[in-house]
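As provided, structure22.cif (mmCIF, C-alpha atoms) reads as follows.
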```
data_structure
loop_
_atom_site.label_atom_id
_atom_site.label_comp_id
_atom_site.auth_asym_id
_atom_site.auth_seq_id
_atom_site.Cartn_x
_atom_site.Cartn_y
_atom_site.Cartn_z
CA MET A 27 39.25 148.88 182.77
CA THR A 28 42.58 147.10 183.23
CA ARG A 29 43.37 149.26 186.23
CA ASN A 30 40.20 148.12 188.01
CA THR A 31 40.97 144.49 187.14
CA ALA A 32 44.51 144.77 188.52
CA LEU A 33 43.19 146.38 191.69
CA LEU A 34 40.63 143.60 192.12
CA ILE A 35 43.31 140.91 191.66
CA ALA A 36 45.62 142.61 194.17
CA LEU A 37 42.80 142.95 196.72
CA THR A 38 41.83 139.30 196.28
CA CYS A 39 45.43 138.14 196.82
CA PHE A 40 45.76 140.33 199.91
CA LEU A 41 42.55 138.94 201.40
CA ALA A 42 43.67 135.36 200.70
CA VAL A 43 47.03 135.92 202.43
CA ALA A 44 45.38 137.69 205.37
CA SER A 45 42.91 134.83 205.75
CA ILE A 46 45.70 132.22 205.80
CA PHE A 47 47.68 134.27 208.33
CA MET A 48 44.68 134.67 210.65
CA CYS A 49 43.84 130.96 210.48
CA ALA A 50 47.45 130.00 211.25
CA ASN A 51 47.51 132.26 214.33
CA ALA A 52 44.14 131.00 215.56
CA THR A 53 45.27 127.37 215.54
CA ALA A 54 48.66 128.21 217.07
CA ALA A 55 47.06 129.24 220.36
CA ALA A 56 45.32 125.88 220.64
CA ARG A 57 48.60 124.05 220.00
CA PHE A 58 50.40 126.07 222.69
CA GLN A 59 47.73 125.31 225.28
CA ALA A 60 47.95 121.59 224.50
CA PHE A 61 51.55 121.54 225.77
CA ASP A 62 50.85 122.96 229.24
CA HIS A 63 51.48 119.62 231.00
CA THR A 64 54.28 117.80 229.23
CA ALA A 65 55.56 114.69 231.01
CA TYR A 66 59.31 114.21 231.34
CA PRO A 67 60.81 110.68 231.42
CA GLN A 68 62.43 111.36 234.83
CA GLY A 69 59.00 111.79 236.46
CA CYS A 70 59.08 115.58 236.44
CA ARG A 71 57.03 117.73 234.10
CA CYS A 72 56.82 121.32 233.01
CA CYS A 73 53.78 123.14 234.41
CA ARG A 74 54.28 126.45 232.59
CA PHE A 75 56.15 127.23 229.37
CA ILE A 76 57.77 130.56 228.54
CA TRP A 77 57.47 131.01 224.78
CA LYS A 78 59.68 134.01 224.04
CA PRO A 79 62.45 134.55 223.06
CA LEU A 80 62.99 130.76 223.10
CA ILE A 81 60.66 128.05 224.38
CA HIS A 82 61.72 126.86 227.83
CA CYS A 83 60.11 125.64 231.03
CA GLY A 84 59.01 128.28 233.52
CA GLN A 85 58.00 125.92 236.35
CA VAL A 86 58.89 122.25 236.88
CA CYS A 87 56.80 119.88 238.97
CA CYS A 88 58.26 116.62 240.33
CA SER A 89 55.48 115.48 242.69
CA ASP A 90 51.79 114.65 242.29
CA GLY A 91 49.40 117.58 242.17
CA CYS A 92 51.90 120.45 242.24
CA CYS A 93 50.95 121.67 238.74
CA ALA A 94 47.30 121.96 239.75
CA SER A 95 48.04 124.96 241.96
CA THR A 96 49.31 127.08 239.04
#
```

Translate the structure described by the file into structure tokens.
Amino acid sequence: MTRNTALLIALTCFLAVASIFMCANATAAARFQAFDHTAYPQGCRCCRFIWKPLIHCGQVCCSDGCCAST
């Protein structure tokens, strides 16, 4: 009886951790897409970010409408 109870507790903990992990990854994609057009104070902005291995700008736009073509 205690073996079944321990197995049920372990399965419940695993499902809770898996649920939290999946929810965190689902909201991360929405946050990454929100940063597609970040304005820079100099008037230029980043049109495309490269996320790995470090976050950096893949394409900079310094005129009106140049990010729309990407």

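CA of Ala32 (chain A) is found 24.3 Å from CA of Met48 (chain A).
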
With a distance cut-off of 8 Å and all atoms listed in the file, select the neighbouring residues of Gly84 (chain A), excluding the residue or stretch itself and same-chain residues fewer than 5 positions from it, and output the selection as a tab-separated table (two decimals) with C-alpha atoms, keeping the file's coordinate frame.
```tsv
chain	number	residue	atom	x	y	z
A	72	CYS	CA	56.82	121.32	233.01
A	73	CYS	CA	53.78	123.14	234.41
A	74	ARG	CA	54.28	126.45	232.59
A	75	PHE	CA	56.15	127.23	229.37
A	76	ILE	CA	57.77	130.56	228.54
```

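Distance-wise, CA of Ser89 (chain A) and CA of Cys70 (chain A) end up 7.2 Å apart.
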